[in-house]
$ cat model39.cif   # mmCIF, C-alpha atoms
data_upload
loop_
_atom_site.label_atom_id
_atom_site.label_comp_id
_atom_site.auth_asym_id
_atom_site.auth_seq_id
_atom_site.Cartn_x
_atom_site.Cartn_y
_atom_site.Cartn_z
CA MET A 28 -120.65 -130.66 106.87
CA SER A 29 -117.22 -132.17 106.45
CA MET A 30 -114.67 -132.16 109.26
CA ASN A 31 -112.51 -129.63 107.36
CA ASN A 32 -115.45 -127.24 106.87
CA GLN A 33 -116.39 -127.54 110.54
CA ILE A 34 -112.80 -126.81 111.66
CA LEU A 35 -112.61 -123.84 109.25
CA ARG A 36 -115.95 -122.46 110.57
CA GLN A 37 -114.80 -122.85 114.19
CA PHE A 38 -111.48 -121.17 113.38
CA GLN A 39 -113.29 -118.24 111.71
CA ASN A 40 -115.63 -117.92 114.71
CA LEU A 41 -112.77 -117.66 117.26
CA ALA A 42 -112.76 -113.89 116.67
CA SER A 43 -115.36 -112.11 114.57
CA ILE A 44 -117.60 -109.06 114.35
CA GLY A 45 -121.28 -109.25 115.22
CA THR A 46 -124.15 -106.80 114.76
CA VAL A 47 -126.80 -106.44 117.47
CA ILE A 48 -130.16 -107.76 116.24
CA ALA A 49 -132.04 -108.01 119.57
CA VAL A 50 -131.66 -106.75 123.15
CA ASP A 51 -133.28 -107.88 126.41
CA ALA A 52 -132.00 -105.27 128.85
CA SER A 53 -133.84 -106.72 131.86
CA ALA A 54 -132.00 -110.04 131.36
CA TRP A 55 -128.69 -108.27 130.45
CA LYS A 56 -128.64 -110.21 127.16
CA MET A 57 -128.39 -109.52 123.45
CA ARG A 58 -128.29 -111.46 120.18
CA LEU A 59 -125.80 -110.84 117.39
CA GLN A 60 -125.77 -111.52 113.66
CA ILE A 61 -122.35 -112.88 112.64
CA ASP A 62 -122.14 -113.41 108.88
CA GLU A 63 -125.14 -115.70 108.14
CA ASN A 64 -125.34 -116.97 111.73
CA GLU A 65 -127.15 -115.63 114.79
CA THR A 66 -125.96 -116.11 118.33
CA ASP A 67 -128.23 -117.29 121.09
CA TRP A 68 -128.93 -114.79 123.89
CA ILE A 69 -125.46 -113.80 125.15
CA PRO A 70 -124.36 -111.44 127.95
CA ILE A 71 -124.22 -107.70 127.30
CA PRO A 72 -120.55 -106.76 127.86
CA ALA A 73 -119.65 -104.35 130.65
CA MET A 74 -116.77 -101.90 130.92
CA ALA A 75 -116.73 -102.69 134.65
CA ALA A 76 -118.84 -105.11 136.70
CA GLY A 77 -117.38 -105.16 140.23
CA ALA A 78 -117.13 -102.54 142.96
CA VAL A 79 -117.11 -100.06 140.04
CA THR A 80 -120.01 -100.85 137.72
CA ILE A 81 -120.90 -99.25 134.41
CA TRP A 82 -124.17 -100.17 132.67
CA ARG A 83 -124.73 -99.36 129.02
CA CYS A 84 -127.42 -101.00 126.92
CA PRO A 85 -126.26 -101.69 123.35
CA SER A 86 -128.15 -100.28 120.36
CA LEU A 87 -129.75 -102.29 117.59
CA GLY A 88 -127.30 -102.25 114.65
CA GLU A 89 -124.28 -101.62 116.89
CA GLN A 90 -121.24 -103.76 116.11
CA PHE A 91 -119.13 -105.75 118.60
CA SER A 92 -115.90 -107.66 118.45
CA VAL A 93 -116.78 -111.23 119.47
CA ALA A 94 -114.65 -114.07 120.80
CA ALA A 95 -116.05 -117.61 120.78
CA GLN A 96 -114.25 -120.21 122.84
CA GLY A 97 -113.49 -123.19 120.62
CA GLY A 98 -115.10 -121.31 117.72
CA GLU A 99 -118.61 -122.23 118.90
CA LEU A 100 -121.09 -119.31 118.73
CA THR A 101 -123.02 -120.87 121.62
CA SER A 102 -120.12 -119.68 123.82
CA ALA A 103 -119.75 -116.28 122.08
CA ILE A 104 -118.68 -113.41 124.32
CA PRO A 105 -118.93 -109.85 122.97
CA GLN A 106 -115.76 -107.91 123.80
CA VAL A 107 -115.97 -104.26 122.82
CA SER A 108 -118.16 -102.12 120.63
CA ILE A 109 -116.72 -100.99 117.29
CA PHE A 110 -117.46 -97.73 115.46
CA SER A 111 -119.29 -98.25 112.17
CA GLU A 112 -121.04 -96.34 109.39
CA ALA A 113 -124.27 -96.57 111.41
CA PHE A 114 -122.56 -95.38 114.62
CA PRO A 115 -119.46 -93.27 113.83
CA PRO A 116 -117.32 -91.71 116.59
CA PRO A 117 -118.79 -88.48 118.09
CA SER A 118 -115.37 -86.80 117.89
CA THR A 119 -112.10 -87.35 116.06
CA ASP A 120 -110.04 -85.01 118.27
CA PRO A 121 -107.18 -87.11 119.71
CA ASN A 122 -107.03 -84.83 122.77
CA GLU A 123 -110.68 -85.26 123.69
CA VAL A 124 -112.55 -87.82 125.75
CA PHE A 125 -116.12 -87.59 124.45
CA VAL A 126 -119.15 -89.44 125.78
CA GLN A 127 -122.28 -89.21 123.62
CA LEU A 128 -125.52 -90.00 125.47
CA GLY A 129 -128.19 -89.81 122.80
CA GLU A 130 -128.70 -86.07 122.22
CA HIS A 131 -126.73 -85.30 125.40
CA ALA A 132 -122.95 -85.41 125.83
CA PHE A 133 -119.96 -84.49 127.90
CA SER A 134 -116.36 -84.08 126.86
CA VAL A 135 -113.00 -83.34 128.44
CA ASN A 136 -110.03 -81.93 126.57
CA ILE A 137 -107.03 -83.62 128.19
CA LEU A 138 -104.61 -80.88 127.05
CA SER A 139 -106.57 -77.83 128.21
CA GLY A 140 -108.35 -79.51 131.14
CA GLU A 141 -111.66 -78.00 129.99
CA ALA A 142 -114.91 -79.96 130.23
CA LEU A 143 -118.22 -79.43 128.44
CA PHE A 144 -121.52 -80.89 129.64
CA LYS A 145 -124.56 -80.79 127.31
CA LEU A 146 -127.47 -81.91 129.48
CA LYS A 147 -131.05 -80.76 130.11
CA LYS A 148 -130.62 -80.90 133.88
CA CYS A 149 -127.80 -81.89 136.23
CA THR A 150 -128.56 -82.85 139.84
CA PHE A 151 -125.78 -83.20 142.41
CA ASP A 152 -127.02 -85.32 145.33
CA VAL A 153 -124.08 -84.66 147.67
CA PRO A 154 -123.96 -83.21 151.20
CA GLU A 155 -121.36 -80.58 150.27
CA THR A 156 -120.03 -79.15 147.00
CA ILE A 157 -116.90 -77.00 146.89
CA PHE A 158 -115.97 -74.80 143.94
CA LYS A 159 -112.42 -73.42 143.78
CA GLY A 160 -112.04 -70.48 141.44
CA THR A 161 -114.65 -68.29 139.82
CA VAL A 162 -118.21 -69.46 139.26
CA HIS A 163 -119.95 -67.64 136.41
CA ALA A 164 -123.65 -67.96 135.62
CA GLU A 165 -124.92 -66.64 132.31
CA GLU A 166 -128.50 -66.94 133.51
CA THR A 167 -130.40 -67.18 136.81
CA ILE A 168 -129.09 -68.65 140.03
CA SER A 169 -131.88 -69.60 142.41
CA SER A 170 -132.25 -71.25 145.79
CA ASP A 171 -135.22 -72.55 147.75
CA GLU A 172 -133.23 -71.73 150.87
CA ASP A 173 -130.98 -68.81 151.80
CA VAL A 174 -127.82 -67.66 150.01
CA THR A 175 -124.87 -66.42 152.09
CA ALA A 176 -121.81 -64.46 150.91
CA LYS A 177 -119.07 -63.38 153.35
CA GLU A 178 -121.39 -64.20 156.27
CA ILE A 179 -124.16 -61.95 154.89
CA SER A 180 -127.47 -63.73 154.39
CA LEU A 181 -129.50 -62.69 151.37
CA VAL A 182 -132.70 -63.45 153.32
CA LYS A 183 -131.86 -62.57 156.93
CA HIS A 184 -129.36 -59.69 156.68
CA LEU A 185 -129.90 -56.44 158.58
CA HIS A 186 -129.18 -52.84 157.52
CA PRO A 187 -127.89 -50.52 160.27
CA ASN A 188 -129.09 -46.92 160.74
CA VAL A 189 -132.26 -47.28 158.68
CA MET A 190 -134.65 -44.34 158.74
CA ASN A 191 -137.89 -43.73 156.86
CA GLY A 192 -137.58 -41.33 153.98
CA PRO A 193 -135.27 -40.84 151.01
CA GLY A 194 -132.06 -41.81 152.89
CA GLN A 195 -129.75 -44.67 151.86
CA THR A 196 -129.02 -47.62 154.13
CA ALA A 197 -125.57 -48.71 155.17
CA ALA A 198 -124.07 -51.97 153.87
CA PRO A 199 -125.74 -55.15 155.17
CA LEU A 200 -124.38 -56.71 158.35
CA PRO A 201 -123.41 -60.37 158.72
CA THR A 202 -126.30 -62.52 159.94
CA GLY A 203 -126.77 -62.22 163.72
CA ASP A 204 -124.73 -58.99 164.02
CA THR A 205 -127.06 -56.26 165.37
CA ASN A 206 -124.61 -53.35 165.77
CA ASP A 207 -126.32 -50.05 164.96
#

$ encode --input "model39.cif" --output "structure tokens"
Amino acid sequence: MSMNNQILRQFQNLASIGTVIAVDASAWKMRLQIDENETDWIPIPAMAAGAVTIWRCPSLGEQFSVAAQGGELTSAIPQVSIFSEAFPPPSTDPNEVFVQLGEHAFSVNILSGEALFKLKKCTFDVPETIFKGTVHAEETISSDEDVTAKEISLVKHLHPNVMNGPGQTAAPLPTGDTND
């Protein structure tokens, strides 16, 4: 290869687009096809890799913008993923932040402030959760423990003035209140 061809190749490799051809998630590495060349195993890029960390394994066929210091693919660093025919954007609404997670997704409309979560199950592992506003369930709400509303336990509440027979009971009393 002549010196001019080598300089031209290095210049072209400074910034290019590569397609994922192999992934080794356990080693945090991937290989890219760039034109007729293949990179060695290079780091999977991260949106954040410090106190805030975001892990996302790239998909085979996904495209990345690539920078190569000095134009050498041995030092290639993938920058960001790029939408392609194989992986188009999940939304084209300019007011929406949309995260597609396989067949699952969540989105937030930044104008309306509304969010949509499409998941099979959502677990909150937090000591306390506070909802402000109305909570509406279109299906069942269940609890392995008790449910309390305005100090009235669903499990432990008492009814004053109860008598056998066809009579009606009074409203339930708050838990622990034994006034008759």

$ residues_around --input "model39.cif" --residues "range 45-60 of chain A" --least-positions-apart "6" --cutoff "12 Å" --atoms "all atoms listed in the file" --output "PyMOL selection string"
chain A and resi 66-73+82-95+100-101+103-111+113-114

$ atom_distance --input "model39.cif" --atom1 "CA of Asn136 in chain A" --atom2 "CA of Ser169 in chain A"
29.7 Å

$ axis_aligned_box --input "model39.cif" --around "range 80-95 of chain A" --padding-each-side "6 Å" --output "AutoDock Vina command-line options"
--center_x -122.2 --center_y -108.4 --center_z 126.2 --size_x 27.1 --size_y 30.4 --size_z 35.1

$ residues_near_point --input "model39.cif" --point "(-128.0, -50.4, 153.2)" --cutoff "12 Å" --atoms "only C-alpha atoms" --output "list of chain:residue names"
A:His184, A:Leu185, A:His186, A:Pro187, A:Asn188, A:Val189, A:Met190, A:Gly194, A:Gln195, A:Thr196, A:Ala197, A:Ala198, A:Pro199, A:Leu200, A:Asp207

$ residues_around --input "model39.cif" --residues "Pro121 in chain A" --least-positions-apart "4" --cutoff "12 Å" --atoms "only C-alpha atoms" --output "PyMOL selection string"
chain A and resi 116-117+125+135-138

$ closest_residue --input "model39.cif" --among "A:Ile61, A:Val162, A:Ser134, A:Leu41" --to "Ser102 in chain A" --atoms "all atoms listed in the file"
A:Leu41

$ atom_distance --input "model39.cif" --atom1 "CA of Ala75 in chain A" --atom2 "CA of Ser118 in chain A"
23.1 Å

$ decode --input "model39.cif" --residues "range 112-187 of chain A" --atoms "C-alpha atoms" --output "mmCIF file, in the first residue's frame"
data_model
loop_
_atom_site.group_PDB
_atom_site.id
_atom_site.type_symbol
_atom_site.label_atom_id
_atom_site.label_comp_id
_atom_site.auth_asym_id
_atom_site.auth_seq_id
_atom_site.Cartn_x
_atom_site.Cartn_y
_atom_site.Cartn_z
ATOM 1 C CA GLU A 112 -33.429 0.543 8.176
ATOM 2 C CA ALA A 113 -32.894 -2.521 10.390
ATOM 3 C CA PHE A 114 -33.516 -0.528 13.596
ATOM 4 C CA PRO A 115 -35.712 2.542 12.909
ATOM 5 C CA PRO A 116 -36.777 4.933 15.696
ATOM 6 C CA PRO A 117 -39.714 3.651 17.825
ATOM 7 C CA SER A 118 -41.387 7.079 17.621
ATOM 8 C CA THR A 119 -41.127 10.174 15.455
ATOM 9 C CA ASP A 120 -43.045 12.458 17.844
ATOM 10 C CA PRO A 121 -40.720 15.387 18.672
ATOM 11 C CA ASN A 122 -42.460 15.830 22.043
ATOM 12 C CA GLU A 123 -41.907 12.257 23.182
ATOM 13 C CA VAL A 124 -39.052 10.507 24.945
ATOM 14 C CA PHE A 125 -39.524 6.853 24.002
ATOM 15 C CA VAL A 126 -37.493 3.900 25.254
ATOM 16 C CA GLN A 127 -38.101 0.617 23.432
ATOM 17 C CA LEU A 128 -37.040 -2.478 25.399
ATOM 18 C CA GLY A 129 -37.691 -5.358 23.028
ATOM 19 C CA GLU A 130 -41.479 -5.832 23.117
ATOM 20 C CA HIS A 131 -41.700 -3.595 26.200
ATOM 21 C CA ALA A 132 -41.486 0.207 26.294
ATOM 22 C CA PHE A 133 -42.029 3.377 28.225
ATOM 23 C CA SER A 134 -42.585 6.885 26.968
ATOM 24 C CA VAL A 135 -43.025 10.372 28.365
ATOM 25 C CA ASN A 136 -44.709 13.216 26.512
ATOM 26 C CA ILE A 137 -42.746 16.300 27.566
ATOM 27 C CA LEU A 138 -45.620 18.675 26.699
ATOM 28 C CA SER A 139 -48.455 16.881 28.509
ATOM 29 C CA GLY A 140 -46.317 15.312 31.256
ATOM 30 C CA GLU A 141 -48.021 11.947 30.656
ATOM 31 C CA ALA A 142 -46.075 8.689 30.843
ATOM 32 C CA LEU A 143 -46.920 5.258 29.447
ATOM 33 C CA PHE A 144 -45.299 2.036 30.662
ATOM 34 C CA LYS A 145 -45.810 -1.177 28.644
ATOM 35 C CA LEU A 146 -44.362 -3.931 30.831
ATOM 36 C CA LYS A 147 -45.422 -7.417 31.944
ATOM 37 C CA LYS A 148 -44.649 -6.687 35.591
ATOM 38 C CA CYS A 149 -43.269 -3.709 37.499
ATOM 39 C CA THR A 150 -41.723 -4.182 40.952
ATOM 40 C CA PHE A 151 -40.934 -1.218 43.186
ATOM 41 C CA ASP A 152 -38.369 -2.251 45.810
ATOM 42 C CA VAL A 153 -38.603 0.879 47.971
ATOM 43 C CA PRO A 154 -39.450 1.320 51.665
ATOM 44 C CA GLU A 155 -42.181 3.887 50.970
ATOM 45 C CA THR A 156 -44.123 4.978 47.883
ATOM 46 C CA ILE A 157 -46.241 8.133 47.863
ATOM 47 C CA PHE A 158 -48.891 8.861 45.248
ATOM 48 C CA LYS A 159 -50.254 12.414 45.026
ATOM 49 C CA GLY A 160 -53.538 12.660 43.180
ATOM 50 C CA THR A 161 -55.989 9.981 42.167
ATOM 51 C CA VAL A 162 -54.951 6.363 41.722
ATOM 52 C CA HIS A 163 -57.226 4.432 39.372
ATOM 53 C CA ALA A 164 -57.068 0.675 38.851
ATOM 54 C CA GLU A 165 -58.935 -0.833 35.919
ATOM 55 C CA GLU A 166 -58.466 -4.309 37.348
ATOM 56 C CA THR A 167 -57.695 -5.939 40.711
ATOM 57 C CA ILE A 168 -55.695 -4.406 43.523
ATOM 58 C CA SER A 169 -54.384 -7.008 45.941
ATOM 59 C CA SER A 170 -52.203 -7.134 49.027
ATOM 60 C CA ASP A 171 -50.613 -9.968 50.981
ATOM 61 C CA GLU A 172 -50.885 -7.708 54.020
ATOM 62 C CA ASP A 173 -53.601 -5.326 55.228
ATOM 63 C CA VAL A 174 -55.006 -2.297 53.392
ATOM 64 C CA THR A 175 -55.858 0.837 55.394
ATOM 65 C CA ALA A 176 -57.974 3.831 54.303
ATOM 66 C CA LYS A 177 -58.608 6.779 56.640
ATOM 67 C CA GLU A 178 -57.333 4.692 59.575
ATOM 68 C CA ILE A 179 -59.803 1.867 58.823
ATOM 69 C CA SER A 180 -58.155 -1.518 58.318
ATOM 70 C CA LEU A 181 -59.690 -3.764 55.687
ATOM 71 C CA VAL A 182 -58.642 -6.806 57.745
ATOM 72 C CA LYS A 183 -58.909 -5.660 61.372
ATOM 73 C CA HIS A 184 -61.770 -3.124 61.387
ATOM 74 C CA LEU A 185 -64.664 -3.444 63.845
ATOM 75 C CA HIS A 186 -68.383 -2.733 63.327
ATOM 76 C CA PRO A 187 -70.207 -1.178 66.309
#
